[in-house]
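Text of the file protein27.tsv, holding TSV, C-alpha atoms and all ligand atoms:
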chain	number	residue	atom	x	y	z
A	1459	MET	CA	-1.58	-10.23	-13.71
A	1460	ASN	CA	-4.39	-7.67	-13.59
A	1461	ARG	CA	-4.65	-4.91	-11.01
A	1462	ASN	CA	-6.95	-6.79	-8.66
A	1463	GLU	CA	-4.65	-9.81	-8.69
A	1464	LEU	CA	-1.68	-7.55	-8.04
A	1465	VAL	CA	-3.45	-5.89	-5.11
A	1466	GLU	CA	-4.36	-9.32	-3.72
A	1467	ALA	CA	-0.73	-10.40	-4.07
A	1468	LEU	CA	0.43	-7.24	-2.27
A	1469	PHE	CA	-2.00	-7.88	0.57
A	1470	GLU	CA	-0.87	-11.49	0.73
A	1471	GLU	CA	2.71	-10.30	1.11
A	1472	PHE	CA	2.40	-7.17	3.24
A	1473	ASP	CA	-0.76	-7.53	5.37
A	1474	THR	CA	1.31	-9.47	7.84
A	1475	ASN	CA	-1.26	-9.52	10.65
A	1476	ARG	CA	-4.03	-10.55	8.20
A	1477	ASP	CA	-6.54	-7.93	9.37
A	1478	GLY	CA	-7.47	-7.03	5.78
A	1479	VAL	CA	-5.89	-3.57	5.77
A	1480	ILE	CA	-2.37	-2.15	5.48
A	1481	SER	CA	-1.22	-0.29	8.57
A	1482	ARG	CA	1.49	2.38	8.50
A	1483	GLY	CA	4.05	-0.15	9.68
A	1484	GLU	CA	3.09	-2.63	7.00
A	1485	PHE	CA	3.00	0.16	4.42
A	1486	VAL	CA	6.66	1.03	5.00
A	1487	GLU	CA	7.62	-2.50	3.95
A	1488	LEU	CA	5.33	-2.31	0.92
A	1489	VAL	CA	6.87	1.01	-0.15
A	1490	ARG	CA	10.36	-0.38	0.37
A	1491	CYS	CA	9.51	-3.22	-2.00
A	1492	LEU	CA	7.78	-1.07	-4.65
A	1493	PHE	CA	9.90	2.07	-4.60
A	1494	GLY	CA	13.11	1.03	-2.86
A	1495	GLU	CA	14.85	2.84	-0.01
A	1496	HIS	CA	14.24	6.14	-1.75
A	1497	GLY	CA	10.51	5.64	-1.25
A	1498	VAL	CA	10.77	4.90	2.46
A	1499	ALA	CA	11.61	8.53	3.22
A	1500	THR	CA	8.36	9.63	1.59
A	1501	SER	CA	6.23	6.66	2.67
A	1502	ARG	CA	4.37	8.84	5.18
A	1503	GLU	CA	3.37	11.30	2.45
A	1504	ILE	CA	2.40	8.48	0.09
A	1505	PHE	CA	0.33	6.92	2.87
A	1506	ASP	CA	-1.46	10.19	3.60
A	1507	GLU	CA	-2.08	10.75	-0.09
A	1508	PHE	CA	-3.73	7.36	-0.61
A	1509	ASP	CA	-5.52	6.98	2.74
A	1510	ALA	CA	-8.53	8.63	1.11
A	1511	ASN	CA	-10.95	8.16	4.02
A	1512	HIS	CA	-8.32	9.06	6.67
A	1513	ASP	CA	-8.94	5.99	8.82
A	1514	ASN	CA	-5.17	5.53	9.20
A	1515	VAL	CA	-5.04	2.26	7.27
A	1516	ILE	CA	-4.87	1.42	3.56
A	1517	SER	CA	-7.77	-0.69	2.28
A	1518	ARG	CA	-7.82	-2.72	-0.94
A	1519	ASP	CA	-9.68	0.08	-2.76
A	1520	GLU	CA	-7.09	2.61	-1.68
A	1521	LEU	CA	-4.22	0.35	-2.70
A	1522	VAL	CA	-5.82	-0.06	-6.14
A	1523	GLN	CA	-5.60	3.72	-6.56
A	1524	LEU	CA	-1.91	3.66	-5.64
A	1525	VAL	CA	-1.29	0.91	-8.18
A	1526	ILE	CA	-3.13	2.89	-10.86
A	1527	GLU	CA	-1.48	6.24	-10.17
A	1528	HIS	CA	2.01	4.82	-9.95
A	1529	ALA	CA	1.38	2.55	-12.95
A	1530	ILE	CA	2.72	-0.46	-11.07
B	1	CA	CA	-2.63	-5.44	8.44
B	2	CA	CA	-8.10	4.32	4.54
Kindly return the structure encoded in the file as structure tokens.
Ligand SMILES: [Ca+2]
Ligand SMILES: [Ca+2]
Amino acid sequence: MNRNELVEALFEEFDTNRDGVISRGEFVELVRCLFGEHGVATSREIFDEFDANHDNVISRDELVQLVIEHAI
């Protein structure tokens, strides 16, 4: 699975309202899956780090960066 396929799979799983972006609420579930309960405590910081354009949602491009930096 390449990165784009992985990001698509993550959106498929965690963009529960299908609006094409990951909200903070959806992001918590994504972090719980990727990093476990330990990650949930820092999910706000991770969100702020990767919400590059500060529009308060995580787009596909931003999620790609998270996948790259965390070598998922
Ligand atoms: Ca969404
Ligand atoms: Ca954003």
task: Tell me which protein, DNA and RNA residues are within 10 Å of Thr1500 (chain A), counting only C-alpha atoms, leaving out same-chain ones fewer than 6 positions away, and put them as a PyMOL selection string.
output: chain A and resi 1486+1489+1493
Store the residues of this selection in a file with C-alpha atoms, as a PDB file, in the frame of the given file.
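Listed below is the output, result.pdb:
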ATOM      1  CA  VAL A1486       6.660   1.030   5.000  1.00  0.00           C
ATOM      2  CA  VAL A1489       6.870   1.010  -0.150  1.00  0.00           C
ATOM      3  CA  PHE A1493       9.900   2.070  -4.600  1.00  0.00           C
TER       4      PHE A1493
END
Quick one: what's the axis-aligned box for region 1499-1517 of chain A, all listed atoms, 3 Å on every side, centre and edges in Å to one decimal, as lines of an AutoDock Vina configuration file?
center_x = 0.3
center_y = 5.3
center_z = 4.3
size_x = 28.6
size_y = 18.0
size_z = 15.8
Nearby residues, ligand CA 1 (chain B), 7 Å, only C-alpha atoms and all ligand atoms, as an MDAnalysis selection string: chainID A and resid 1473:1481 1484
- request: Considering all atoms listed in the file, state which residue in the set A:Leu1492, A:Val1498, A:Ala1467, A:Met1459 is at the smallest distance from Leu1524 (chain A).
  value: A:Leu1492
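One distance worth recording is that between CA of Gln1523 (chain A) and CA of Phe1508 (chain A), which is 7.2 Å.
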field: At most 8 Å from ligand CA 2 (chain B) (all atoms listed in the file): residue list as a ChimeraX atom specification
entry: /A:1508-1517,1520
query: With distances taken over all atoms listed in the file, which of A:His1496, A:Leu1488, A:Gly1483, A:Val1525 is nearest to Phe1469 (chain A)?
result: A:Leu1488
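Coordinates place CA of Asn1462 (chain A) at a distance of 25.4 Å from CA of Glu1495 (chain A).
Between CA of Arg1502 (chain A) and CA of Arg1482 (chain A) lies a distance of 7.8 Å.
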May I ask you to restore N, CA and C atoms in region 1475-1497 of chain A and write the result as a PDB file, in the frame of the given file?
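Final output, saved to selection03.pdb:
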ATOM      1  N   ASN A1475      -0.404  -9.055   9.555  1.00  0.00           N
ATOM      2  CA  ASN A1475      -1.260  -9.520  10.650  1.00  0.00           C
ATOM      3  C   ASN A1475      -2.641  -9.970  10.161  1.00  0.00           C
ATOM      4  N   ARG A1476      -2.826  -9.979   8.817  1.00  0.00           N
ATOM      5  CA  ARG A1476      -4.030 -10.550   8.200  1.00  0.00           C
ATOM      6  C   ARG A1476      -5.323  -9.898   8.714  1.00  0.00           C
ATOM      7  N   ASP A1477      -5.294  -8.585   8.944  1.00  0.00           N
ATOM      8  CA  ASP A1477      -6.540  -7.930   9.370  1.00  0.00           C
ATOM      9  C   ASP A1477      -7.251  -7.273   8.186  1.00  0.00           C
ATOM     10  N   GLY A1478      -6.762  -7.484   6.978  1.00  0.00           N
ATOM     11  CA  GLY A1478      -7.470  -7.030   5.780  1.00  0.00           C
ATOM     12  C   GLY A1478      -7.186  -5.597   5.377  1.00  0.00           C
ATOM     13  N   VAL A1479      -6.303  -4.930   6.113  1.00  0.00           N
ATOM     14  CA  VAL A1479      -5.890  -3.570   5.770  1.00  0.00           C
ATOM     15  C   VAL A1479      -4.388  -3.427   5.985  1.00  0.00           C
ATOM     16  N   ILE A1480      -3.811  -2.410   5.339  1.00  0.00           N
ATOM     17  CA  ILE A1480      -2.370  -2.150   5.480  1.00  0.00           C
ATOM     18  C   ILE A1480      -2.170  -1.006   6.467  1.00  0.00           C
ATOM     19  N   SER A1481      -1.524  -1.323   7.574  1.00  0.00           N
ATOM     20  CA  SER A1481      -1.220  -0.290   8.570  1.00  0.00           C
ATOM     21  C   SER A1481      -0.005   0.512   8.119  1.00  0.00           C
ATOM     22  N   ARG A1482       0.308   1.578   8.859  1.00  0.00           N
ATOM     23  CA  ARG A1482       1.490   2.380   8.500  1.00  0.00           C
ATOM     24  C   ARG A1482       2.760   1.547   8.555  1.00  0.00           C
ATOM     25  N   GLY A1483       2.868   0.697   9.560  1.00  0.00           N
ATOM     26  CA  GLY A1483       4.050  -0.150   9.680  1.00  0.00           C
ATOM     27  C   GLY A1483       4.185  -1.110   8.522  1.00  0.00           C
ATOM     28  N   GLU A1484       3.073  -1.706   8.136  1.00  0.00           N
ATOM     29  CA  GLU A1484       3.090  -2.630   7.000  1.00  0.00           C
ATOM     30  C   GLU A1484       3.370  -1.871   5.699  1.00  0.00           C
ATOM     31  N   PHE A1485       2.849  -0.642   5.621  1.00  0.00           N
ATOM     32  CA  PHE A1485       3.000   0.160   4.420  1.00  0.00           C
ATOM     33  C   PHE A1485       4.467   0.493   4.132  1.00  0.00           C
ATOM     34  N   VAL A1486       5.232   0.724   5.184  1.00  0.00           N
ATOM     35  CA  VAL A1486       6.660   1.030   5.000  1.00  0.00           C
ATOM     36  C   VAL A1486       7.342  -0.113   4.254  1.00  0.00           C
ATOM     37  N   GLU A1487       7.015  -1.340   4.620  1.00  0.00           N
ATOM     38  CA  GLU A1487       7.620  -2.500   3.950  1.00  0.00           C
ATOM     39  C   GLU A1487       7.150  -2.598   2.505  1.00  0.00           C
ATOM     40  N   LEU A1488       5.882  -2.290   2.271  1.00  0.00           N
ATOM     41  CA  LEU A1488       5.330  -2.310   0.920  1.00  0.00           C
ATOM     42  C   LEU A1488       6.038  -1.277   0.047  1.00  0.00           C
ATOM     43  N   VAL A1489       6.203  -0.069   0.593  1.00  0.00           N
ATOM     44  CA  VAL A1489       6.870   1.010  -0.150  1.00  0.00           C
ATOM     45  C   VAL A1489       8.331   0.646  -0.430  1.00  0.00           C
ATOM     46  N   ARG A1490       8.966   0.017   0.550  1.00  0.00           N
ATOM     47  CA  ARG A1490      10.360  -0.380   0.370  1.00  0.00           C
ATOM     48  C   ARG A1490      10.478  -1.350  -0.813  1.00  0.00           C
ATOM     49  N   CYS A1491       9.505  -2.243  -0.909  1.00  0.00           N
ATOM     50  CA  CYS A1491       9.510  -3.220  -2.000  1.00  0.00           C
ATOM     51  C   CYS A1491       9.213  -2.553  -3.341  1.00  0.00           C
ATOM     52  N   LEU A1492       8.216  -1.668  -3.380  1.00  0.00           N
ATOM     53  CA  LEU A1492       7.780  -1.070  -4.650  1.00  0.00           C
ATOM     54  C   LEU A1492       8.701   0.033  -5.130  1.00  0.00           C
ATOM     55  N   PHE A1493       9.167   0.863  -4.205  1.00  0.00           N
ATOM     56  CA  PHE A1493       9.900   2.070  -4.600  1.00  0.00           C
ATOM     57  C   PHE A1493      11.345   2.082  -4.117  1.00  0.00           C
ATOM     58  N   GLY A1494      11.743   1.073  -3.363  1.00  0.00           N
ATOM     59  CA  GLY A1494      13.110   1.030  -2.860  1.00  0.00           C
ATOM     60  C   GLY A1494      13.309   1.950  -1.658  1.00  0.00           C
ATOM     61  N   GLU A1495      14.552   2.039  -1.200  1.00  0.00           N
ATOM     62  CA  GLU A1495      14.850   2.840  -0.010  1.00  0.00           C
ATOM     63  C   GLU A1495      14.491   4.306  -0.209  1.00  0.00           C
ATOM     64  N   HIS A1496      14.597   4.754  -1.443  1.00  0.00           N
ATOM     65  CA  HIS A1496      14.240   6.140  -1.750  1.00  0.00           C
ATOM     66  C   HIS A1496      12.798   6.432  -1.350  1.00  0.00           C
ATOM     67  N   GLY A1497      11.925   5.452  -1.550  1.00  0.00           N
ATOM     68  CA  GLY A1497      10.510   5.640  -1.250  1.00  0.00           C
ATOM     69  C   GLY A1497      10.213   5.664   0.231  1.00  0.00           C
TER      70      GLY A1497
END
